[in-house]
Structure formats: structure tokens, C-alpha cells
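Undergrad: Quick one: structure below, then a few questions.
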Amino acid sequence: MGILRTRMEQDLVVRGRSVHTCRAYLRVITDLARYHHRSPDQLSDREVQQYVLYLIEERHFAWASCRQAAGALRFFYEVTLGRKRSEFCIPLPKVGKRLPQILSREEVARVINGTANLKHRVLLMTTYGAGLRVSEVVQVRVSDIDSQRMLIRVEQGKGKKDRYTLLSPRLLVELRHYYRVYRPTEWLFTHRRRPVPLDPRSAARIYQAAKRRAGIHKAGGIHTLRHSFATHLLESGIDLVSIQRLLGHAKVETTAHYLHVTPQQVGVHASPLDQLPPAPVAPA
């Protein structure tokens with residue numbers, strides 16, 4: 001895998017794939033080679049599909065993870081090895097559509113209040129208050145806080161796009177207090193012992209711990225705060241296009257998914273059950 005790994009890594013970098021994507025794709029190809037005990041450039045498309053089947057049936061990968069693995073395989077065989085899709089078929093598993101579980105405003109407040117210290121509290125407040133991805137919140141710099149315009153700059157977010165999002169007056173008060181206590185120099189949220197950005201996995205664990213303390217059992221990780229941010233804006237009457245810009249979605253159709261979890265939209269019509277003639281009282 002040495003030479004092939006280097007070629008694939010270079011192909012990923014040249015095409016502007018993120019560090020996270022590079023690591024994930026390279027991990028898939030390494031795992032494929034281990035599964036078949038052969039170099040991946042010697043495998044047939046049938047053998048590669050057998051590996052995808054193994055991920056689904058034996059390792060019980062989620063459909064989204066299987067789809068990412070298939071994307072990595074396609075990239076390796078079509079880009080790095082230059083095989084034609086017509087000659088080397090790797091189907092993308094269909095991902096079922098699942099709606100996120102949304103926290104109510106009261107539940108968000110309970111999660112924030114369930115944090116162990118000021119740093120954790122401000123981290124979760126920033127994630128929710130600005131609608132950030134976990135990969136974005138850990139990369140926020142002190143210089144990204146624009147208190148004059150009440151905006152937070154998100155530099156090179158998903159898809160390598162810059163954008164601005166909301167800076168809540170309440171969050172600004174908390175950030176100023178946080179700054180006086182922790183004195184961050186470059187990144188807002190850093191590793192406990194080193195001056196490097198906080199690891200996204202650490203941020204995810206902070207959220208889960210706060211959620212447990214709050215006694216909330218809804219599924220989902222720290223990304224739930226971003227989902228809740230978007231849904232609560234929609235419930236407040238903010239239009240989809242504005243929310244799309246704040247979230248950094250490329251297409252408004254992606255943002256429109258939040259219409260399916262907003263009470264005003266789900267409950268916009270009365271149930272036909274309520275329009276039936278009154279029924280006689282059934283015996284106990």
C-alpha cells in the first residue's frame with residue numbers, strides 16, 4: 001500500500017478534500033487490503049463489492065458510513081487507478097432519510113446548564129448560538145468574533161467556504177467573561193495542556209456528559225445543537241434562505257429538511273380525526 005497510499009493521498013489533496021475526508025478514505029482502502037490480504041489494485045469489482053457487503057452484514061456499518069466507504073472505493077479505483085466506471089462498478093448504498101431529534105429551548109438550556117465548567121458552557125453556547133458544526137466551533141479564533149457587527153466569522157467551513165453567522169448579545173457577554181478567565185491567544189477553545197484547537201471528539205464528549213447531567217435521553221450528538229438552532233430560527237419566523245446562509249448549506253433544499261421537524265409545519269393542518277362526528281361513549 002505504500003506507493004498506492006501516497007498516490008491516493010496526493011490525489012485527495014490536489015482535489016481539495018478535507019483532512020478528515022483524506023483520513024477516512026485512506027482508512028477504507030487500508031481496511032480493504034487487510035480484508036482480502038492482497039493489494040487493492042489486484043482486486044476485481046466483485047471482490048470490492050464483497051467488502052462493502054461485509055461492512056453492511058458483519059460489521060453493521062450505518063448506511064451513511066457504508067456510503068462513505070463506497071465513495072472512498074470509487075475515488076481510489078476511478079481517480080487513483082484510472083479505471084472506468086463502466087468497467088469497474090461500485091454501487092453506492094442507498095441511505096434512508098432520517099429526521100434529527102430536536103431539543104426544545106428548555107432542553108437546550110438544561111444541557112448548557114449541565115456543563116462541568118465555564119469552558120464547556122461557553123463551547124456549547126457557541127455551538128448552539130451560532131449554529132456551528134463541531135469541526136467549526138473548535139476552529140473559531142479570537143479574531144473571528146466581530147463584536148462591532150455582532151457576527152462570528154466561520155473560516156473554511158465544510159466545503160472550504162467562509163461565511164458569517166450570528167453573534168448573540170448573550171453569548172458575547174459569556175465570551176467576554178470567558179476571555180477574562182482563560183485568556184485565549186489564538187483559538188477560543190484549546191487543548192487542556194497544549195496551545196492547539198480542542199479535538200472535535202473532546203467537544204462531542206463534553207456535550208454527551210452535559211446531556212446526561214441534564215437527564216435528556218433524546219438520541220444524537222453535539223450536532224443536535226446545530227439542528228436545534230436551525231429549527232428554533234424557523235419556528236421564530238426566519239426565512240429558509242437566511243437560515244441556509246447562516247448554516248452554510250450549498251442548497252436551500254438541505255435547509256428545507258427542517259420544515260419536517262417544525263411543529264408549525266407538521267401541525268399546520270388539523271387531523272381528520274378531529275373532524276369526524278362525535279362518537280358515542282364506549283363502555284368501560
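Letters A, B, ... mark the chains of the C-alpha cells in the order given; residue numbers begin at 1 per chain; ligand numbers begin at 1, in order shown.
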So that each row is one residue of segment 98-126 of chain A with an atom at most 9 Å from segment 176-182 of chain A, can you give its shortest atom pair and the distance in Å to one decimal, using only C-alpha atoms, rows by chain and rising number, as JSON lines?
TA:
{"residue": "A:Leu118", "atom": "CA", "partner": "A:Tyr178", "partner_atom": "CA", "distance": 7.0}
{"residue": "A:Lys119", "atom": "CA", "partner": "A:Tyr178", "partner_atom": "CA", "distance": 7.0}
{"residue": "A:Val122", "atom": "CA", "partner": "A:Tyr178", "partner_atom": "CA", "distance": 7.4}
Undergrad: Write a file of the just-selected residues containing N, CA and C atoms, as a tab-separated table (two decimals), in the first residue's frame.
TA:
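Printed below is part-v7.tsv as written:
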chain	number	residue	atom	x	y	z
A	118	LEU	N	-16.89	26.55	33.08
A	118	LEU	CA	-17.15	27.70	32.21
A	118	LEU	C	-16.76	27.40	30.76
A	119	LYS	N	-15.62	26.77	30.56
A	119	LYS	CA	-15.16	26.48	29.20
A	119	LYS	C	-16.16	25.61	28.45
A	122	VAL	N	-19.40	27.65	27.63
A	122	VAL	CA	-19.27	28.59	26.51
A	122	VAL	C	-19.12	27.85	25.19
Undergrad: Against segment 127-138 of chain A, which residues of segment 13-114 of chain A fall within 10 Å? For each one I want the closest pair of atoms and the distance in Å (one decimal), counting only C-alpha atoms, rows by chain and increasing residue number, as CSV.
TA:
residue,atom,partner,partner_atom,distance
A:His20,CA,A:Ser135,CA,9.6
A:Val108,CA,A:Tyr128,CA,8.3
A:Ile112,CA,A:Tyr128,CA,9.4
Undergrad: Can you check which residues of segment 19-238 of chain A DSSP gives as helix (DSSP H, G or I) on the backbone and send them as a PyMOL selection string?
TA: chain A and resi 19-36+40-42+45-57+63-80+105-113+118-130+134-137+142-144+169-182+200-213+223-235
Undergrad: Keeping only C-alpha atoms, take the residues you just selected and write them out as a compact mmCIF listing (two decimals), in the first residue's frame.
TA:
# COMPACT_ATOMS: atom_id res chain seq x y z
CA VAL A 19 -8.10 16.40 6.18
CA HIS A 20 -11.00 14.46 7.70
CA THR A 21 -12.03 13.08 4.29
CA CYS A 22 -8.44 12.14 3.44
CA ARG A 23 -8.07 10.17 6.66
CA ALA A 24 -11.44 8.45 6.26
CA TYR A 25 -10.82 7.45 2.61
CA LEU A 26 -7.30 6.15 3.28
CA ARG A 27 -8.60 4.15 6.25
CA VAL A 28 -11.16 2.42 4.00
CA ILE A 29 -8.58 1.38 1.39
CA THR A 30 -6.20 0.11 4.10
CA ASP A 31 -9.04 -1.90 5.63
CA LEU A 32 -9.96 -3.30 2.19
CA ALA A 33 -6.39 -4.58 1.70
CA ARG A 34 -6.43 -6.21 5.13
CA TYR A 35 -9.80 -7.84 4.46
CA HIS A 36 -8.61 -9.55 1.27
CA PRO A 40 -6.25 -3.36 -3.58
CA ASP A 41 -5.09 -2.74 -7.17
CA GLN A 42 -5.26 -6.52 -7.76
CA ASP A 45 -15.07 -5.23 -8.72
CA ARG A 46 -16.81 -8.34 -7.36
CA GLU A 47 -14.25 -8.61 -4.57
CA VAL A 48 -14.65 -4.94 -3.74
CA GLN A 49 -18.44 -5.32 -3.58
CA GLN A 50 -17.92 -8.31 -1.30
CA TYR A 51 -16.05 -5.97 1.08
CA VAL A 52 -18.96 -3.49 1.06
CA LEU A 53 -21.32 -6.39 1.84
CA TYR A 54 -19.03 -7.35 4.73
CA LEU A 55 -19.29 -3.82 6.14
CA ILE A 56 -23.09 -3.99 5.98
CA GLU A 57 -23.79 -7.54 7.16
CA TRP A 63 -25.85 3.24 5.77
CA ALA A 64 -24.18 6.65 5.77
CA SER A 65 -20.84 5.05 6.76
CA CYS A 66 -21.22 2.42 4.02
CA ARG A 67 -21.90 5.17 1.53
CA GLN A 68 -18.75 7.00 2.60
CA ALA A 69 -16.78 3.75 2.23
CA ALA A 70 -18.19 3.28 -1.27
CA GLY A 71 -17.21 6.86 -2.09
CA ALA A 72 -13.66 6.14 -0.95
CA LEU A 73 -13.54 3.00 -3.10
CA ARG A 74 -14.84 4.85 -6.13
CA PHE A 75 -12.24 7.57 -5.65
CA PHE A 76 -9.40 5.07 -5.35
CA TYR A 77 -10.36 2.96 -8.37
CA GLU A 78 -11.60 5.72 -10.67
CA VAL A 79 -9.22 8.56 -9.80
CA THR A 80 -6.05 7.00 -8.40
CA ARG A 105 -35.41 25.55 24.00
CA GLU A 106 -35.86 24.39 27.59
CA GLU A 107 -33.82 21.25 26.88
CA VAL A 108 -31.01 23.28 25.27
CA ALA A 109 -30.88 25.44 28.39
CA ARG A 110 -30.71 22.32 30.58
CA VAL A 111 -27.81 20.93 28.52
CA ILE A 112 -25.88 24.20 28.75
CA ASN A 113 -26.53 24.41 32.49
CA LEU A 118 -17.15 27.70 32.21
CA LYS A 119 -15.16 26.48 29.20
CA HIS A 120 -17.60 23.67 28.47
CA ARG A 121 -20.57 26.00 28.98
CA VAL A 122 -19.27 28.59 26.51
CA LEU A 123 -18.32 25.89 23.99
CA LEU A 124 -21.89 24.55 23.89
CA MET A 125 -23.39 28.05 23.92
CA THR A 126 -21.26 28.99 20.91
CA THR A 127 -22.18 25.79 19.07
CA TYR A 128 -25.90 26.37 19.57
CA GLY A 129 -25.94 30.18 19.43
CA ALA A 130 -24.14 30.30 16.08
CA VAL A 134 -18.33 20.64 15.79
CA SER A 135 -15.45 20.87 13.30
CA GLU A 136 -16.16 24.62 13.02
CA VAL A 137 -16.59 25.53 16.68
CA VAL A 142 -10.49 35.04 18.97
CA SER A 143 -10.18 37.27 15.90
CA ASP A 144 -13.31 35.66 14.39
CA PRO A 169 -25.57 39.51 22.68
CA ARG A 170 -25.97 36.94 25.45
CA LEU A 171 -23.15 34.86 24.00
CA LEU A 172 -20.95 37.94 23.70
CA VAL A 173 -21.33 38.58 27.45
CA GLU A 174 -20.32 34.97 28.15
CA LEU A 175 -17.38 35.14 25.72
CA ARG A 176 -16.03 38.28 27.37
CA HIS A 177 -16.21 36.61 30.78
CA TYR A 178 -14.57 33.50 29.33
CA TYR A 179 -11.79 35.60 27.80
CA ARG A 180 -11.01 37.28 31.13
CA VAL A 181 -10.73 33.89 32.84
CA TYR A 182 -8.90 31.80 30.20
CA PRO A 200 -13.78 17.56 17.97
CA ARG A 201 -14.11 14.24 19.83
CA SER A 202 -13.50 16.03 23.11
CA ALA A 203 -16.22 18.55 22.25
CA ALA A 204 -18.59 15.66 21.46
CA ARG A 205 -17.85 14.07 24.84
CA ILE A 206 -18.49 17.38 26.60
CA TYR A 207 -21.95 17.51 25.01
CA GLN A 208 -22.81 13.93 25.93
CA ALA A 209 -21.74 14.46 29.55
CA ALA A 210 -23.82 17.62 29.82
CA LYS A 211 -26.81 15.87 28.25
CA ARG A 212 -26.56 13.05 30.79
CA ARG A 213 -26.42 15.52 33.68
CA HIS A 223 -24.65 18.19 16.03
CA THR A 224 -28.12 18.21 17.62
CA LEU A 225 -27.38 21.75 18.81
CA ARG A 226 -26.94 22.87 15.20
CA HIS A 227 -30.18 21.13 14.20
CA SER A 228 -31.94 22.80 17.12
CA PHE A 229 -30.52 26.22 16.17
CA ALA A 230 -31.97 25.93 12.66
CA THR A 231 -35.33 24.60 13.85
CA HIS A 232 -35.75 27.28 16.51
CA LEU A 233 -34.97 30.01 13.95
CA LEU A 234 -37.57 28.55 11.62
CA GLU A 235 -40.10 28.44 14.45
Undergrad: Find the residues near Gly248 of chain A: any atom within 12 Å, counting only C-alpha atoms, skip ones fewer than 2 places away on the same chain, and give them as number ranges by chain.
TA: A: 130-133, 136, 153-165, 226, 230, 240-246, 250-252, 254-255
Undergrad: Between atom CA of Asp239 of chain A and atom CA of Thr262 of chain A, what is the distance in Å, rounded to a tenth?
TA: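 About the pair atom CA of Asp239 of chain A and atom CA of Thr262 of chain A: they are 12.9 Å apart.
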Undergrad: From the DSSP assignment of the backbone, select every residue of segment 50-209 of chain A that is strand (DSSP E), and format the answer as an mmCIF file with N, CA and C atoms, in the first residue's frame.
TA:
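Output contents, as saved in selection-v6.cif:
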data_model
loop_
_atom_site.group_PDB
_atom_site.id
_atom_site.type_symbol
_atom_site.label_atom_id
_atom_site.label_comp_id
_atom_site.auth_asym_id
_atom_site.auth_seq_id
_atom_site.Cartn_x
_atom_site.Cartn_y
_atom_site.Cartn_z
ATOM 1 N N ILE A 145 -14.402 36.734 16.276
ATOM 2 C CA ILE A 145 -15.534 37.337 16.992
ATOM 3 C C ILE A 145 -15.591 38.821 16.649
ATOM 4 N N ASP A 146 -16.600 39.214 15.879
ATOM 5 C CA ASP A 146 -16.763 40.606 15.452
ATOM 6 C C ASP A 146 -17.870 41.240 16.291
ATOM 7 N N LEU A 151 -21.252 39.503 14.644
ATOM 8 C CA LEU A 151 -21.131 38.346 13.764
ATOM 9 C C LEU A 151 -19.951 37.486 14.188
ATOM 10 N N ILE A 152 -20.015 36.208 13.842
ATOM 11 C CA ILE A 152 -18.888 35.296 14.019
ATOM 12 C C ILE A 152 -18.472 34.828 12.631
ATOM 13 N N ARG A 153 -17.200 34.974 12.350
ATOM 14 C CA ARG A 153 -16.682 34.528 11.056
ATOM 15 C C ARG A 153 -16.343 33.045 11.142
ATOM 16 N N VAL A 154 -16.855 32.276 10.190
ATOM 17 C CA VAL A 154 -16.528 30.851 10.085
ATOM 18 C C VAL A 154 -15.603 30.713 8.889
ATOM 19 N N GLU A 155 -14.338 30.427 9.166
ATOM 20 C CA GLU A 155 -13.346 30.374 8.104
ATOM 21 C C GLU A 155 -13.154 28.948 7.604
ATOM 22 N N GLN A 156 -13.336 28.777 6.299
ATOM 23 C CA GLN A 156 -13.122 27.481 5.654
ATOM 24 C C GLN A 156 -13.914 26.372 6.345
ATOM 25 N N GLY A 157 -15.229 26.591 6.431
ATOM 26 C CA GLY A 157 -16.108 25.557 6.972
ATOM 27 C C GLY A 157 -16.245 24.418 5.983
ATOM 28 N N LYS A 161 -15.631 26.751 2.575
ATOM 29 C CA LYS A 161 -16.321 28.019 2.328
ATOM 30 C C LYS A 161 -16.282 28.872 3.589
ATOM 31 N N ASP A 162 -16.024 30.165 3.411
ATOM 32 C CA ASP A 162 -16.120 31.124 4.502
ATOM 33 C C ASP A 162 -17.561 31.625 4.595
ATOM 34 N N ARG A 163 -17.979 31.970 5.796
ATOM 35 C CA ARG A 163 -19.301 32.566 5.965
ATOM 36 C C ARG A 163 -19.328 33.325 7.292
ATOM 37 N N TYR A 164 -20.398 34.069 7.510
ATOM 38 C CA TYR A 164 -20.636 34.722 8.787
ATOM 39 C C TYR A 164 -21.929 34.175 9.381
ATOM 40 N N THR A 165 -21.960 34.090 10.692
ATOM 41 C CA THR A 165 -23.169 33.658 11.373
ATOM 42 C C THR A 165 -23.413 34.570 12.569
ATOM 43 N N LEU A 166 -24.459 34.303 13.306
ATOM 44 C CA LEU A 166 -24.910 35.204 14.367
ATOM 45 C C LEU A 166 -23.988 35.207 15.582
#
Undergrad: Tell me which of A:Ser18, A:Ser39, A:Gln10, A:Gln101 sits closest to Tyr258 of chain A, counting only C-alpha atoms.
TA: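 The answer is A:Gln101, which sits nearest to Tyr258 of chain A.
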Undergrad: What gap, in Å, lies between atom CA of Glu186 of chain A and atom CA of Val140 of chain A?
TA: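 The value is 8.7 Å.
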Undergrad: What does the distance between atom CA of Ile216 of chain A and atom CA of Leu188 of chain A come to in Å, to one decimal place?
TA: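 The value is 27.3 Å.
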